[in-house]
>>> print(open('entry.cif').read())   # mmCIF, C-alpha atoms
data_run
loop_
_atom_site.label_atom_id
_atom_site.label_comp_id
_atom_site.auth_asym_id
_atom_site.auth_seq_id
_atom_site.Cartn_x
_atom_site.Cartn_y
_atom_site.Cartn_z
CA MET A 1 -14.02 56.32 46.27
CA GLN A 2 -10.23 56.63 46.24
CA ILE A 3 -8.19 54.40 43.95
CA ALA A 4 -5.26 52.46 45.39
CA THR A 5 -1.90 52.07 43.71
CA ALA A 6 -0.51 48.70 42.73
CA GLU A 7 2.44 49.31 45.05
CA THR A 8 0.16 49.59 48.09
CA TRP A 9 -2.33 46.86 47.19
CA TYR A 10 -0.68 44.08 49.22
CA GLU A 11 0.63 43.89 52.76
CA THR A 12 2.78 41.12 54.22
CA ARG A 13 3.38 39.99 57.78
CA ARG A 14 5.89 37.35 58.79
CA LEU A 15 4.55 34.87 61.34
CA GLY A 16 6.25 31.94 63.04
CA ASP A 17 6.98 28.57 61.41
CA ASP A 18 8.24 30.25 58.19
CA VAL A 19 4.67 31.28 57.36
CA THR A 20 3.95 34.72 55.89
CA TYR A 21 0.52 36.33 55.69
CA ILE A 22 -0.21 38.25 52.48
CA GLY A 23 -3.33 40.40 52.48
CA GLU A 24 -5.21 42.91 50.36
CA PRO A 25 -5.97 45.68 52.90
CA PHE A 26 -8.35 47.67 50.70
CA ILE A 27 -10.82 44.78 50.48
CA LYS A 28 -13.30 44.77 53.39
CA GLU A 29 -12.48 42.08 55.94
CA PHE A 30 -15.47 39.84 55.25
CA TYR A 31 -14.44 39.50 51.59
CA ARG A 32 -10.66 39.60 52.07
CA CYS A 33 -8.92 36.29 51.46
CA ASN A 34 -5.91 35.36 53.58
CA ILE A 35 -3.05 34.38 51.28
CA TRP A 36 -0.50 32.17 53.03
CA HIS A 37 3.12 31.73 51.93
CA VAL A 38 5.05 28.81 53.41
CA ARG A 39 8.82 28.46 53.09
CA GLY A 40 10.18 24.96 52.50
CA ARG A 41 13.66 23.58 51.95
CA ASP A 42 13.20 22.58 48.31
CA ARG A 43 10.28 24.78 47.28
CA ASP A 44 7.68 27.09 48.73
CA MET A 45 3.89 26.85 48.90
CA LEU A 46 1.22 29.48 48.42
CA VAL A 47 -2.21 28.70 49.85
CA ASP A 48 -4.71 30.72 47.78
CA SER A 49 -3.85 33.78 45.71
CA GLY A 50 -6.38 36.54 46.34
CA MET A 51 -8.61 38.39 43.87
CA GLY A 52 -6.01 38.87 41.15
CA VAL A 53 -6.73 42.57 40.60
CA VAL A 54 -3.01 43.29 41.08
CA SER A 55 -0.23 40.87 40.17
CA LEU A 56 1.20 38.95 43.11
CA ARG A 57 4.37 38.10 41.20
CA ASP A 58 5.02 41.73 40.27
CA TYR A 59 4.29 43.31 43.65
CA VAL A 60 5.10 40.65 46.28
CA PRO A 61 8.73 39.62 45.64
CA LEU A 62 8.50 36.85 48.27
CA VAL A 63 6.44 34.64 45.95
CA THR A 64 9.09 34.67 43.20
CA GLU A 65 12.18 33.97 45.28
CA ARG A 66 11.98 30.20 44.80
CA ALA A 67 9.92 27.52 43.04
CA CYS A 68 6.40 27.78 44.43
CA THR A 69 3.42 25.43 44.50
CA CYS A 70 0.17 27.40 44.39
CA VAL A 71 -2.68 25.56 46.11
CA ALA A 72 -6.38 26.41 45.84
CA SER A 73 -8.21 25.74 49.09
CA HIS A 74 -11.27 26.06 46.81
CA THR A 75 -12.19 27.99 43.68
CA HIS A 76 -14.17 31.06 44.71
CA PHE A 77 -13.00 34.31 43.11
CA ASP A 78 -11.29 35.72 46.19
CA HIS A 79 -8.99 32.69 46.48
CA ILE A 80 -7.77 31.98 42.93
CA GLY A 81 -7.32 35.34 41.22
CA CYS A 82 -3.55 35.03 40.73
CA HIS A 83 -3.29 31.28 40.23
CA HIS A 84 -2.62 31.78 36.53
CA GLU A 85 0.68 33.47 37.45
CA PHE A 86 2.17 30.23 38.81
CA ASP A 87 3.45 27.21 36.89
CA ASP A 88 2.61 24.67 39.62
CA ARG A 89 -1.12 24.78 40.45
CA VAL A 90 -2.92 22.36 42.78
CA VAL A 91 -6.67 21.86 43.28
CA HIS A 92 -8.98 19.09 44.48
CA ARG A 93 -10.49 16.91 41.80
CA ASP A 94 -14.03 18.12 42.50
CA GLU A 95 -13.17 21.71 41.56
CA ALA A 96 -10.59 21.20 38.82
CA GLY A 97 -13.16 22.13 36.19
CA LEU A 98 -13.83 25.49 37.84
CA LEU A 99 -10.14 26.38 38.01
CA ALA A 100 -9.77 25.52 34.33
CA GLU A 101 -12.92 27.32 33.19
CA PRO A 102 -13.89 29.99 35.71
CA THR A 103 -16.88 32.24 35.12
CA ARG A 104 -18.31 35.12 37.10
CA GLU A 105 -21.10 32.83 38.23
CA ASN A 106 -19.23 29.66 39.18
CA THR A 107 -16.54 31.58 41.12
CA LEU A 108 -19.18 33.74 42.90
CA ALA A 109 -17.78 36.95 41.42
CA ASP A 110 -21.40 37.44 40.45
CA PRO A 111 -23.04 38.58 42.75
CA TYR A 112 -20.32 39.44 45.28
CA VAL A 113 -17.88 41.62 43.31
CA THR A 114 -19.10 45.21 43.40
CA ASP A 115 -17.41 48.47 44.39
CA ASP A 116 -18.94 48.01 47.84
CA ILE A 117 -16.47 45.27 48.83
CA PHE A 118 -13.58 47.76 48.72
CA THR A 119 -12.43 50.64 50.90
CA ARG A 120 -10.26 51.78 47.98
CA LEU A 121 -10.76 50.59 44.44
CA PRO A 122 -8.06 48.58 42.66
CA PRO A 123 -5.84 50.48 40.22
CA ILE A 124 -7.15 51.54 36.81
CA PRO A 125 -8.27 49.92 34.51
CA TYR A 126 -10.18 47.79 37.06
CA VAL A 127 -13.99 47.81 36.72
CA SER A 128 -16.08 45.68 39.10
CA ALA A 129 -18.71 44.82 36.47
CA GLU A 130 -15.97 43.44 34.20
CA TYR A 131 -13.95 41.57 36.82
CA ALA A 132 -13.25 37.92 35.98
CA VAL A 133 -10.83 35.23 37.14
CA GLN A 134 -8.40 34.03 34.48
CA GLN A 135 -8.20 30.37 33.47
CA ALA A 136 -5.55 28.43 35.39
CA PRO A 137 -5.85 24.69 34.67
CA ALA A 138 -4.35 22.57 37.44
CA THR A 139 -0.98 20.96 36.92
CA ARG A 140 -1.76 18.57 39.77
CA ILE A 141 -5.14 17.33 40.93
CA VAL A 142 -5.31 16.04 44.51
CA GLU A 143 -7.64 13.99 46.64
CA ASP A 144 -7.98 13.32 50.35
CA GLY A 145 -4.77 11.92 51.85
CA ASP A 146 -2.41 13.18 49.17
CA VAL A 147 0.58 15.21 50.33
CA ILE A 148 2.34 18.37 49.25
CA ASP A 149 6.04 17.89 49.94
CA LEU A 150 8.29 20.94 50.29
CA GLY A 151 11.38 18.87 51.08
CA ASP A 152 11.55 19.32 54.83
CA ARG A 153 7.82 19.92 55.31
CA VAL A 154 4.89 17.73 54.34
CA PHE A 155 1.29 18.89 54.23
CA GLU A 156 -1.54 16.37 54.06
CA VAL A 157 -4.55 17.21 51.91
CA VAL A 158 -7.77 16.97 53.96
CA HIS A 159 -10.89 17.01 51.80
CA THR A 160 -13.40 19.28 53.54
CA PRO A 161 -16.53 19.59 51.39
CA GLY A 162 -19.46 21.64 52.62
CA HIS A 163 -18.66 25.25 51.80
CA SER A 164 -17.83 23.98 48.31
CA PRO A 165 -17.47 20.43 46.92
CA GLY A 166 -13.70 20.48 46.43
CA GLY A 167 -12.69 22.46 49.49
CA ILE A 168 -9.49 21.28 51.15
CA ALA A 169 -7.53 21.95 54.31
CA LEU A 170 -3.79 21.35 54.62
CA TRP A 171 -2.44 19.67 57.76
CA GLU A 172 1.20 19.63 58.88
CA ALA A 173 1.37 17.05 61.66
CA ALA A 174 4.94 17.95 62.65
CA THR A 175 3.99 21.52 63.61
CA GLY A 176 0.26 21.26 64.28
CA ILE A 177 -0.50 23.83 61.57
CA LEU A 178 -3.84 23.66 59.77
CA PHE A 179 -4.61 25.81 56.75
CA SER A 180 -8.38 25.51 56.83
CA GLY A 181 -9.59 27.43 53.79
CA ASP A 182 -13.21 28.52 54.13
CA ILE A 183 -14.62 25.49 55.94
CA VAL A 184 -13.80 27.09 59.31
CA TYR A 185 -12.36 30.42 60.41
CA ASP A 186 -13.02 32.90 63.21
CA GLY A 187 -15.84 34.83 61.55
CA PRO A 188 -19.23 34.34 59.86
CA LEU A 189 -19.13 31.10 57.87
CA ILE A 190 -20.76 30.87 54.45
CA GLU A 191 -22.93 27.77 54.17
CA ASP A 192 -25.34 28.73 51.37
CA CYS A 193 -23.26 28.95 48.20
CA TYR A 194 -24.85 27.45 45.09
CA HIS A 195 -22.76 24.27 45.56
CA SER A 196 -22.66 24.12 49.37
CA ASP A 197 -23.89 20.96 51.08
CA ALA A 198 -25.17 20.96 54.65
CA ALA A 199 -24.50 17.29 55.41
CA ASP A 200 -20.98 17.50 54.01
CA TYR A 201 -20.35 20.62 56.09
CA VAL A 202 -21.28 18.83 59.32
CA ALA A 203 -19.10 15.84 58.44
CA SER A 204 -16.12 18.06 57.62
CA MET A 205 -16.43 20.01 60.87
CA LYS A 206 -16.64 16.82 62.92
CA ARG A 207 -13.53 15.55 61.19
CA LEU A 208 -11.55 18.74 61.83
CA LEU A 209 -12.41 18.58 65.52
CA ASP A 210 -10.23 15.47 65.78
CA TYR A 211 -7.03 17.17 64.62
CA PRO A 212 -4.64 18.23 67.44
CA VAL A 213 -4.11 21.66 65.96
CA ARG A 214 -1.69 24.17 67.45
CA VAL A 215 -2.60 27.02 65.10
CA VAL A 216 -5.26 27.44 62.41
CA HIS A 217 -4.65 29.78 59.48
CA GLY A 218 -8.07 30.21 57.89
CA GLY A 219 -9.22 31.57 54.57
CA HIS A 220 -10.49 34.75 56.25
CA PHE A 221 -10.10 36.63 59.54
CA PRO A 222 -7.26 36.23 62.09
CA SER A 223 -5.48 32.99 62.93
CA TYR A 224 -6.17 31.24 66.25
CA GLY A 225 -5.05 28.40 68.47
CA ASN A 226 -6.32 25.04 69.65
CA ALA A 227 -8.74 26.22 72.32
CA ARG A 228 -10.47 28.63 69.94
CA HIS A 229 -10.57 25.96 67.23
CA VAL A 230 -12.36 23.51 69.51
CA GLU A 231 -14.73 26.24 70.69
CA LEU A 232 -15.61 27.39 67.17
CA VAL A 233 -16.26 23.90 65.83
CA ARG A 234 -18.19 22.63 68.86
CA ASP A 235 -20.36 25.75 69.02
CA TRP A 236 -21.15 25.45 65.32
CA LEU A 237 -22.04 21.76 65.66
CA ARG A 238 -24.26 22.46 68.66
CA LEU A 239 -26.22 24.98 66.65
CA LYS A 240 -26.69 22.45 63.86
CA GLU A 241 -27.79 19.73 66.27
CA ALA A 242 -30.25 22.12 67.91
#
>>> encode(input="entry.cif", output="structure tokens")
Amino acid sequence: MQIATAETWYETRRLGDDVTYIGEPFIKEFYRCNIWHVRGRDRDMLVDSGMGVVSLRDYVPLVTERACTCVASHTHFDHIGCHHEFDDRVVHRDEAGLLAEPTRENTLADPYVTDDIFTRLPPIPYVSAEYAVQQAPATRIVEDGDVIDLGDRVFEVVHTPGHSPGGIALWEAATGILFSGDIVYDGPLIEDCYHSDAADYVASMKRLLDYPVRVVHGGHFPSYGNARHVELVRDWLRLKEA
């Protein structure tokens, strides 16, 4: 398999609402985390940070332009790999221990991280069998209803357990933007992690159905609007009820 260069590892795409998508194109889509950068007046926000096999701060200048709060939607390996590069790190209380003391097992690097998840391997000296997330203890622990204030933009923390116990979504009422993490996105949802909970998942999905979203930026796969959000959640709930 070909080996990518650090310079080509990330791609960025500017969306509306001062939101920028950052992706790792050589990771297969199912495993590829969406990294979201949000520009605020007083500081910026990063929602998740990818695998960490190449430095975000060194190769994506956008994330170093201003003070930046790095939020973990949850603590699986594909979402927190570069959290250690940021001074301001946010996670829900129920997963603070995992962010502080990640292992291959508790971040799901074992069994998911193998050469097969890539179309090009990360730059040398990367080795899949030795991959591990670095410790990144939270500087702020949040719970449901807390807010992340960027000065002119305020995001409410919505606790969405189910996929994992400390999963969160971020809701900006003023714009109708929902960063949903891995609880819902437009692709195959993962409901059988070692710490997933079926009842919590149903409750979280029912709750998210009530939000008047305009656009959902999920943890994986493309973003979508209100009609698709309602369709995805209702179809999933119907399957569970059946």
>>> closest_atom_pairs(input="entry.cif", of="region 115-200 of chain A", to="region 93-103 of chain A", cutoff="6 Å", atoms="all atoms listed in the file", output="JSON lines")
{"residue": "A:Gln135", "atom": "CA", "partner": "A:Ala100", "partner_atom": "CA", "distance": 5.2}
{"residue": "A:Ala136", "atom": "CA", "partner": "A:Ala100", "partner_atom": "CA", "distance": 5.2}
{"residue": "A:Pro137", "atom": "CA", "partner": "A:Ala100", "partner_atom": "CA", "distance": 4.0}
{"residue": "A:Ile141", "atom": "CA", "partner": "A:Arg93", "partner_atom": "CA", "distance": 5.4}
{"residue": "A:Val142", "atom": "CA", "partner": "A:Arg93", "partner_atom": "CA", "distance": 5.9}
{"residue": "A:Gly166", "atom": "CA", "partner": "A:Asp94", "partner_atom": "CA", "distance": 4.6}
>>> write_last_selection(input="entry.cif", atoms="C-alpha atoms", output="short mmCIF file (atom, residue, chain, number, x, y, z; two decimals), in the coordinates of the input")
data_model
loop_
_atom_site.label_atom_id
_atom_site.label_comp_id
_atom_site.auth_asym_id
_atom_site.auth_seq_id
_atom_site.Cartn_x
_atom_site.Cartn_y
_atom_site.Cartn_z
CA GLN A 135 -8.20 30.37 33.47
CA ALA A 136 -5.55 28.43 35.39
CA PRO A 137 -5.85 24.69 34.67
CA ILE A 141 -5.14 17.33 40.93
CA VAL A 142 -5.31 16.04 44.51
CA GLY A 166 -13.70 20.48 46.43
#
>>> closest_residue(input="entry.cif", among="A:Pro161, A:Val213, A:Val91, A:Asn106", to="Arg140 (chain A)", atoms="only C-alpha atoms")
A:Val91
>>> atom_distance(input="entry.cif", atom1="CA of Glu191 (chain A)", atom2="CA of Gly162 (chain A)")
7.2 Å
>>> closest_residue(input="entry.cif", among="A:Tyr131, A:Phe221, A:Tyr201, A:Tyr211", to="Gly81 (chain A)", atoms="all atoms listed in the file")
A:Tyr131
>>> atom_distance(input="entry.cif", atom1="CA of Gly23 (chain A)", atom2="CA of Gly40 (chain A)")
20.5 Å
>>> resolve_selection(input="entry.cif", expression="the PyMOL selection byres ((chain A and resi 25) around 9)", output="PDB file with C-alpha atoms, keeping the file's coordinate frame")
ATOM      1  CA  THR A   8       0.160  49.590  48.090  1.00  0.00           C
ATOM      2  CA  TRP A   9      -2.330  46.860  47.190  1.00  0.00           C
ATOM      3  CA  TYR A  10      -0.680  44.080  49.220  1.00  0.00           C
ATOM      4  CA  GLU A  11       0.630  43.890  52.760  1.00  0.00           C
ATOM      5  CA  GLY A  23      -3.330  40.400  52.480  1.00  0.00           C
ATOM      6  CA  GLU A  24      -5.210  42.910  50.360  1.00  0.00           C
ATOM      7  CA  PHE A  26      -8.350  47.670  50.700  1.00  0.00           C
ATOM      8  CA  ILE A  27     -10.820  44.780  50.480  1.00  0.00           C
ATOM      9  CA  LYS A  28     -13.300  44.770  53.390  1.00  0.00           C
ATOM     10  CA  GLU A  29     -12.480  42.080  55.940  1.00  0.00           C
ATOM     11  CA  ARG A  32     -10.660  39.600  52.070  1.00  0.00           C
ATOM     12  CA  PHE A 118     -13.580  47.760  48.720  1.00  0.00           C
ATOM     13  CA  THR A 119     -12.430  50.640  50.900  1.00  0.00           C
ATOM     14  CA  ARG A 120     -10.260  51.780  47.980  1.00  0.00           C
TER      15      ARG A 120
END
>>> residues_around(input="entry.cif", residues="Val233 (chain A)", least_positions_apart="4", cutoff="10 Å", atoms="all atoms listed in the file", output="MDAnalysis selection string")
chainID A and resid 184:186 202 205:209 228:229 237:238
>>> atom_distance(input="entry.cif", atom1="CA of Val113 (chain A)", atom2="CA of Ala129 (chain A)")
7.6 Å
>>> resolve_selection(input="entry.cif", expression="the PyMOL selection byres ((chain A and resi 174) around 10)", output="VMD selection string")
chain A and resid 153 to 155 171 to 173 175 to 177
>>> closest_residue(input="entry.cif", among="A:Asp87, A:Asp146, A:Asp115, A:Asp78", to="Val133 (chain A)", atoms="only C-alpha atoms")
A:Asp78
>>> residues_around(input="entry.cif", residues="Leu189 (chain A)", least_positions_apart="6", cutoff="9 Å", atoms="all atoms listed in the file", output="list of chain:residue names")
A:His163, A:Asp182, A:Ile183
>>> closest_residue(input="entry.cif", among="A:Arg14, A:His76, A:Arg66, A:His217", to="Val47 (chain A)", atoms="all atoms listed in the file")
A:His217
>>> axis_aligned_box(input="entry.cif", around="region 214-224 of chain A", padding_each_side="8 Å", output="AutoDock Vina command-line options")
--center_x -6.1 --center_y 30.4 --center_z 61.0 --size_x 24.8 --size_y 28.5 --size_z 28.9
>>> residues_around(input="entry.cif", residues="Ser49 (chain A)", least_positions_apart="6", cutoff="10 Å", atoms="all atoms listed in the file", output="list in words")
Ile22, Gly23, Cys33, Asn34, Ile35, Trp36, His37, Ser55, Leu56, Cys70, Val71, Ala72, Ser73, Phe77, Asp78, His79, Ile80, Gly81, Cys82, His83, His84, Glu85 and Phe86 of chain A
>>> resolve_selection(input="entry.cif", expression="the PyMOL selection byres ((chain A and resi 179) around 7)", output="list of chain:residue names")
A:Ala169, A:Leu170, A:Trp171, A:Ile177, A:Leu178, A:Ser180, A:Gly181, A:Val216, A:His217, A:Gly218
>>> closest_residue(input="entry.cif", among="A:Val90, A:Ile3, A:Leu150, A:Val19", to="Gly167 (chain A)", atoms="only C-alpha atoms")
A:Val90
>>> closest_residue(input="entry.cif", among="A:Tyr126, A:Ala109, A:Met45, A:Thr5", to="Tyr59 (chain A)", atoms="all atoms listed in the file")
A:Thr5
>>> residues_around(input="entry.cif", residues="Ile168 (chain A)", least_positions_apart="2", cutoff="6 Å", atoms="all atoms listed in the file", output="VMD selection string")
chain A and resid 73 158 to 160
>>> build_atoms(input="entry.cif", residues="region 71-84 of chain A", atoms="N, CA and C atoms", output="PDB file, keeping the file's coordinate frame")
ATOM      1  N   VAL A  71      -1.579  26.447  45.769  1.00  0.00           N
ATOM      2  CA  VAL A  71      -2.680  25.560  46.110  1.00  0.00           C
ATOM      3  C   VAL A  71      -3.974  26.354  46.223  1.00  0.00           C
ATOM      4  N   ALA A  72      -5.050  25.817  45.667  1.00  0.00           N
ATOM      5  CA  ALA A  72      -6.380  26.410  45.840  1.00  0.00           C
ATOM      6  C   ALA A  72      -7.103  25.672  46.959  1.00  0.00           C
ATOM      7  N   SER A  73      -7.406  26.376  48.054  1.00  0.00           N
ATOM      8  CA  SER A  73      -8.210  25.740  49.090  1.00  0.00           C
ATOM      9  C   SER A  73      -9.602  25.442  48.550  1.00  0.00           C
ATOM     10  N   HIS A  74     -10.062  26.260  47.592  1.00  0.00           N
ATOM     11  CA  HIS A  74     -11.270  26.060  46.810  1.00  0.00           C
ATOM     12  C   HIS A  74     -11.263  27.126  45.721  1.00  0.00           C
ATOM     13  N   THR A  75     -12.300  27.198  44.900  1.00  0.00           N
ATOM     14  CA  THR A  75     -12.190  27.990  43.680  1.00  0.00           C
ATOM     15  C   THR A  75     -13.129  29.188  43.619  1.00  0.00           C
ATOM     16  N   HIS A  76     -13.430  29.805  44.732  1.00  0.00           N
ATOM     17  CA  HIS A  76     -14.170  31.060  44.710  1.00  0.00           C
ATOM     18  C   HIS A  76     -13.232  32.196  44.342  1.00  0.00           C
ATOM     19  N   PHE A  77     -13.789  33.244  43.748  1.00  0.00           N
ATOM     20  CA  PHE A  77     -13.000  34.310  43.110  1.00  0.00           C
ATOM     21  C   PHE A  77     -11.923  34.904  44.011  1.00  0.00           C
ATOM     22  N   ASP A  78     -12.215  35.039  45.289  1.00  0.00           N
ATOM     23  CA  ASP A  78     -11.290  35.720  46.190  1.00  0.00           C
ATOM     24  C   ASP A  78     -10.082  34.875  46.550  1.00  0.00           C
ATOM     25  N   HIS A  79     -10.074  33.610  46.123  1.00  0.00           N
ATOM     26  CA  HIS A  79      -8.990  32.690  46.480  1.00  0.00           C
ATOM     27  C   HIS A  79      -8.111  32.271  45.305  1.00  0.00           C
ATOM     28  N   ILE A  80      -8.516  32.530  44.079  1.00  0.00           N
ATOM     29  CA  ILE A  80      -7.770  31.980  42.930  1.00  0.00           C
ATOM     30  C   ILE A  80      -7.417  33.027  41.877  1.00  0.00           C
ATOM     31  N   GLY A  81      -7.498  34.303  42.228  1.00  0.00           N
ATOM     32  CA  GLY A  81      -7.320  35.340  41.220  1.00  0.00           C
ATOM     33  C   GLY A  81      -5.957  35.412  40.574  1.00  0.00           C
ATOM     34  N   CYS A  82      -4.904  34.992  41.287  1.00  0.00           N
ATOM     35  CA  CYS A  82      -3.550  35.030  40.730  1.00  0.00           C
ATOM     36  C   CYS A  82      -2.985  33.641  40.445  1.00  0.00           C
ATOM     37  N   HIS A  83      -3.809  32.625  40.483  1.00  0.00           N
ATOM     38  CA  HIS A  83      -3.290  31.280  40.230  1.00  0.00           C
ATOM     39  C   HIS A  83      -2.647  31.145  38.850  1.00  0.00           C
ATOM     40  N   HIS A  84      -3.161  31.874  37.880  1.00  0.00           N
ATOM     41  CA  HIS A  84      -2.620  31.780  36.530  1.00  0.00           C
ATOM     42  C   HIS A  84      -1.170  32.259  36.441  1.00  0.00           C
TER      43      HIS A  84
END
